[in-house]
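What follows is a set of notes on a single structure, which appears directly below.
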Amino acid sequence: MTRMPVPQGGNSPKKGARAVALDILLRAEAAGQYADRALDAALSRTALDGKDKGLVTTLFYGVIEHRITLDHIIDTRATVAPSAIEKEVRMILREALYQLLYLDRVPDHAAVSEAVALAPRRSKGFVNAVLRGFCREGKKITYPDREAEPFSYLSVRYSVPVETATHFCRLFGMARTETLLSAFDTHAPITVRVNTLRLSREDFLARVPGAKPTENAPYGVCLPADAPLHDLLADGLCFVQDEASQLAVQALDVTPGARVIDLCAAPGSKSFGAALNMQNTGVVQSFDLHENKLSLIRRGAETLGITIITAAAADARTADKGMLGEFSHVICDVPCSGFGVLAKKPDIRYKNINDAAGLVPVQAAILEAAAPLVAEGGVLLYSTCTLLPPENEEQVAAFLKNHPEFSPEPFRVGEIFTEGMLTLAPDTHGTDGFFIAKLRRKKG
């Protein structure tokens with residue numbers, strides 16, 4: 001297992017940071033909150049310094065990401081039934097085990113002693129026994145047998161539900177599923193798109209030591225862990241966008257003067273990328289269902305110095321009859337199950353993968369509403385951040401069957417060429433799991 005470094009400045013984690021992380025984890029689990037919202041809200045109320053906030057963030061996301069693995073260790077080592085372990089005690093054990101397994105600067109004795117200190121008096125001996133026994137036996141994890149119980153093995157080894165492991169194996173086979181899940185366990189560096197209204201990628205790379213260009217996206221940069229991201233964003237020199245999402249914008253192939261509509265735009269990265277490729281000349285209309293998300297688009301455009309974006313609330317499933325045939329490029333980055341971004345959004349791991357079927361009609365309705373907005377000869381770009389075929393290839397095939405006026409458009413992004421549909425994956429491209437389809441509306 002890869003052990004992760006503690007955020008800079010952290011030698012031995014402080015009890016304050018661990019206690020805060022424990023509190024946030026317990027409240028998020030009880031409330032069923034999305035991880036990022038729960039963490040952001042809680043950190044905004046704490047008086048911890050930047051170093052300790054970094055540790056809290058590492059513990060919070062780490063425990064969520066590896067929860068099934070951590071629970072397996074607890075349940076196989078506890079001397080009581082799993083149901084008899086109190087929720088608070090289980091979370092204390094998860095937090096300590098995560099540090100023992102994945103944080104390379106945390107001494108084992110510190111992780112154990114701090115966990116015991118956090119435990120209720122009645123449970124201190126139990127917590128101490130589980131953790132010290134795990135350390136004494138070399139931190140060995142006994143996984144289910146890979147041959148006899150392949151889905152259980154994948155579930156525990158990569159911390160995904162058995163249902164997800166089973167579904168992936170049916171789609172991709174055992175070997176590919178394991179490489180995919182292993183890739184989702186790897187934390188890639190933060191990727192940004194350079195604001196080419198202000199500087200070239202070459203100038204940006206010279207400004208940020210250790211930064212590296214993305215492999216296929218022409219304006220992308222992978223940042224080193226110590227990059228001053230906050231300052232770079234505040235100065236409008238870049239915005240956060242995975243290379244896969246950047247490649248979707250490149251596939252759009254917009255030029256100055258284009259008329260673009262982004263139907264599910266928040267937080268705005270594809271709108272920003274299109275506007276930059278248009279050299280801030282033309283029209284980009286950005287819509288989102290939720291009014292409260294529009295400020296992200298407006299503030300982002302202002303910070304980047306983009307003036308051609310307008311943002312408004314609208315339901316992408318309902319076509320505005322006043323805009324029929326008005327746009328040279330239409331972006332449909334639709335709501336999806338998210339089973340391509342497990343590395344960045346660990347709480348998605350625990351979604352019921354069968355619920356993804358409920359999103360397919362929503363995606364189809366958005367495509368239906370988008371089709372008449374495309375001008376003759378124009379482009380309809382469909383994208384998701386999932387690897388599930390019903391939301392991707394099957395969705396596009398159904399659309400094309402009902403819309404003979406559209407056809408797949410071959411495109412090239414960097415060294416990748418496709419006949420019109422492209423699935424990117426972390427194990428093959430080093431990006432988020434992402435699907436892109438480029439469709440051209442025929443003339444006449």
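By order of appearance in the structure tokens: chains A, B, ..., then residues from 1 within every chain, and ligands from 1 in the order shown.
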Legend entry - DSSP-assigned helix (DSSP H, G or I) among range 184-359 of chain A, expressed as an MDAnalysis selection string: chainID A and resid 184 201:207 229:234 243:252 269:277 291:304 321:323 346:350 353:359
Would you pick out the contacts of range 167-181 of chain A at 7 Å or less, using only C-alpha atoms, so that residues sharing its chain but fewer than 2 positions from it are not included, and give the list as a compact mmCIF listing (two decimals) with C-alpha atoms, in the first residue's frame?
# COMPACT_ATOMS: atom_id res chain seq x y z
CA TYR A 158 -9.98 -1.29 -2.96
CA GLU A 163 -22.11 -4.49 -5.84
CA THR A 164 -19.75 -2.03 -7.50
CA ALA A 165 -16.95 -4.58 -7.81
CA ALA A 183 -5.77 3.62 -10.47
CA PHE A 184 -8.64 5.14 -8.50
CA ASP A 185 -6.52 4.58 -5.38
CA PRO A 426 -7.22 6.63 -15.09
CA ASP A 427 -5.48 3.33 -15.85
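Considering only C-alpha atoms, the residue among A:Asp242, A:Glu368, A:Glu88, A:Asp75 positioned nearest to Arg27 in chain A is A:Glu88.
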Legend entry - Residue nearest Ala78 in chain A among A:Arg132, A:His66, A:His109, A:Arg122 (counting only C-alpha atoms): A:Arg132
Inset, instruction - For range 193-198 of chain A, work out the shell of residues within 12 Å, counting only C-alpha atoms and skipping chain neighbours fewer than 2 positions away, then give it as a ChimeraX atom specification. - result: /A:190-191,200-205,207-208,211-214,217-223,232-233,235-247,249-250,269-270,272-281,300-301,303-307
Could you take the residues named above and write them with C-alpha atoms, as a PDB file, in the first residue's frame?
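The result, written out as result-v8.pdb:
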ATOM      1  CA  ILE A 190      -3.867  18.816  -9.168  1.00  0.00           C
ATOM      2  CA  THR A 191      -4.320  19.775 -12.816  1.00  0.00           C
ATOM      3  CA  SER A 200       1.259  31.172 -22.243  1.00  0.00           C
ATOM      4  CA  ARG A 201       1.641  27.692 -20.816  1.00  0.00           C
ATOM      5  CA  GLU A 202       5.410  28.062 -21.241  1.00  0.00           C
ATOM      6  CA  ASP A 203       5.398  31.245 -19.125  1.00  0.00           C
ATOM      7  CA  PHE A 204       3.234  29.544 -16.511  1.00  0.00           C
ATOM      8  CA  LEU A 205       5.590  26.562 -16.317  1.00  0.00           C
ATOM      9  CA  ARG A 207       6.704  30.680 -13.040  1.00  0.00           C
ATOM     10  CA  VAL A 208       5.846  27.511 -11.069  1.00  0.00           C
ATOM     11  CA  ALA A 211       5.016  22.086 -12.716  1.00  0.00           C
ATOM     12  CA  LYS A 212       4.684  19.789 -15.727  1.00  0.00           C
ATOM     13  CA  PRO A 213       2.629  20.043 -18.924  1.00  0.00           C
ATOM     14  CA  THR A 214      -0.274  17.642 -19.389  1.00  0.00           C
ATOM     15  CA  ALA A 217      -4.315  18.882 -23.308  1.00  0.00           C
ATOM     16  CA  PRO A 218      -2.400  21.808 -24.879  1.00  0.00           C
ATOM     17  CA  TYR A 219      -3.005  24.301 -22.052  1.00  0.00           C
ATOM     18  CA  GLY A 220      -2.988  21.989 -19.037  1.00  0.00           C
ATOM     19  CA  VAL A 221      -0.442  21.863 -16.228  1.00  0.00           C
ATOM     20  CA  CYS A 222       0.069  19.332 -13.431  1.00  0.00           C
ATOM     21  CA  LEU A 223       1.069  21.171 -10.259  1.00  0.00           C
ATOM     22  CA  LEU A 232      -2.429  31.250  -8.748  1.00  0.00           C
ATOM     23  CA  LEU A 233      -6.216  31.014  -8.678  1.00  0.00           C
ATOM     24  CA  ASP A 235      -4.481  36.051  -9.576  1.00  0.00           C
ATOM     25  CA  GLY A 236      -6.572  34.544 -12.369  1.00  0.00           C
ATOM     26  CA  LEU A 237      -3.610  32.748 -13.933  1.00  0.00           C
ATOM     27  CA  CYS A 238      -5.430  29.395 -14.128  1.00  0.00           C
ATOM     28  CA  PHE A 239      -8.419  27.398 -12.938  1.00  0.00           C
ATOM     29  CA  VAL A 240      -8.690  23.815 -11.701  1.00  0.00           C
ATOM     30  CA  GLN A 241      -9.731  21.394 -14.447  1.00  0.00           C
ATOM     31  CA  ASP A 242      -8.736  17.765 -14.961  1.00  0.00           C
ATOM     32  CA  GLU A 243      -7.042  16.950 -18.247  1.00  0.00           C
ATOM     33  CA  ALA A 244     -10.027  14.835 -19.338  1.00  0.00           C
ATOM     34  CA  SER A 245     -12.367  17.804 -19.021  1.00  0.00           C
ATOM     35  CA  GLN A 246      -9.861  19.975 -20.879  1.00  0.00           C
ATOM     36  CA  LEU A 247      -9.802  17.441 -23.699  1.00  0.00           C
ATOM     37  CA  VAL A 249     -13.242  21.403 -24.578  1.00  0.00           C
ATOM     38  CA  GLN A 250     -10.518  20.770 -27.163  1.00  0.00           C
ATOM     39  CA  SER A 269     -14.662  25.121 -16.299  1.00  0.00           C
ATOM     40  CA  LYS A 270     -15.868  24.117 -19.777  1.00  0.00           C
ATOM     41  CA  PHE A 272     -14.086  29.133 -19.258  1.00  0.00           C
ATOM     42  CA  GLY A 273     -12.050  26.844 -21.501  1.00  0.00           C
ATOM     43  CA  ALA A 274     -14.259  27.528 -24.511  1.00  0.00           C
ATOM     44  CA  ALA A 275     -14.067  31.279 -23.950  1.00  0.00           C
ATOM     45  CA  LEU A 276     -10.278  31.139 -23.708  1.00  0.00           C
ATOM     46  CA  ASN A 277     -10.029  29.096 -26.912  1.00  0.00           C
ATOM     47  CA  MET A 278     -12.243  31.748 -28.524  1.00  0.00           C
ATOM     48  CA  GLN A 279      -9.772  34.403 -27.337  1.00  0.00           C
ATOM     49  CA  ASN A 280     -12.640  36.074 -25.460  1.00  0.00           C
ATOM     50  CA  THR A 281     -14.388  36.881 -28.741  1.00  0.00           C
ATOM     51  CA  GLY A 300     -14.669  32.701 -12.020  1.00  0.00           C
ATOM     52  CA  ALA A 301     -15.121  34.569 -15.298  1.00  0.00           C
ATOM     53  CA  THR A 303     -11.236  36.591 -11.955  1.00  0.00           C
ATOM     54  CA  LEU A 304     -10.002  35.204 -15.277  1.00  0.00           C
ATOM     55  CA  GLY A 305     -10.836  38.401 -17.158  1.00  0.00           C
ATOM     56  CA  ILE A 306     -13.389  36.683 -19.414  1.00  0.00           C
ATOM     57  CA  THR A 307     -16.112  39.078 -20.596  1.00  0.00           C
TER      58      THR A 307
END
Legend entry - Between CA of Asn354 in chain A and CA of Glu65 in chain A, distance in Å (one decimal): 20.0 Å
Could you list, as a JSON list (two decimals) with C-alpha atoms, in the first residue's frame, every residue within 10 Å of Asn352 in chain A, counting only C-alpha atoms and ignoring same-chain residues fewer than 2 positions away?
[["chain", "number", "residue", "atom", "x", "y", "z"],
["A", 161, "PRO", "CA", -19.05, -2.04, -2.24],
["A", 163, "GLU", "CA", -22.11, -4.49, -5.84],
["A", 164, "THR", "CA", -19.75, -2.03, -7.50],
["A", 337, "SER", "CA", -23.30, 8.77, -11.66],
["A", 348, "ILE", "CA", -19.13, 8.36, -4.62],
["A", 349, "ARG", "CA", -17.56, 4.96, -3.88],
["A", 350, "TYR", "CA", -20.49, 4.14, -1.62],
["A", 354, "ASN", "CA", -27.68, 0.43, -9.67],
["A", 355, "ASP", "CA", -29.14, 3.89, -9.02],
["A", 356, "ALA", "CA", -27.22, 5.15, -12.06]]
Legend entry - Length of the CA of Val362 in chain A to CA of Glu419 in chain A vector [Å]: 25.7 Å
Inset, instruction - Just list the residues in range 41-239 of chain A DSSP gives strand (DSSP E) on the backbone, as a PyMOL selection string. - result: chain A and resi 191-194+212-213+220-222+238-239
Inset, instruction - Between A:Gln363, A:Thr310, A:Ser152, A:Ser83, single out the one closest to Ser271 in chain A, counting only C-alpha atoms. - result: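 With only C-alpha atoms as the atom set, the closest residue is A:Thr310.
The space separating CA of Pro256 in chain A from CA of Gly282 in chain A comes to 6.1 Å.
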Inset, instruction - Can you work out which one of A:Ile141, A:Ala41, A:Ala343, A:Cys385 has the shortest atom-to-atom distance to Ile64 in chain A, counting only C-alpha atoms? - result: A:Ala343
Legend entry - Who sits within 7 Å of Ile309 in chain A, only C-alpha atoms, same chain under 3 positions skipped, as JSON, numbers by chain: {"A": [283, 284, 285, 286, 306]}
Write out as a CSV table (one decimal) with C-alpha atoms, in the first residue's frame the residues lying within 8 Å of Leu263 in chain A, counting only C-alpha atoms and excluding same-chain residues fewer than 6 positions away.
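Saved the output as around.csv:
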chain,number,residue,atom,x,y,z
A,286,SER,CA,-23.8,29.3,-19.4
A,287,PHE,CA,-26.8,27.8,-17.8
A,288,ASP,CA,-27.4,25.7,-14.7
A,316,ALA,CA,-31.5,21.9,-19.5
A,330,VAL,CA,-23.7,23.2,-27.7
A,331,ILE,CA,-22.1,21.6,-24.6
A,332,CYS,CA,-24.0,18.9,-22.7
A,333,ASP,CA,-21.9,17.9,-19.7
A,370,ALA,CA,-30.1,20.4,-26.8
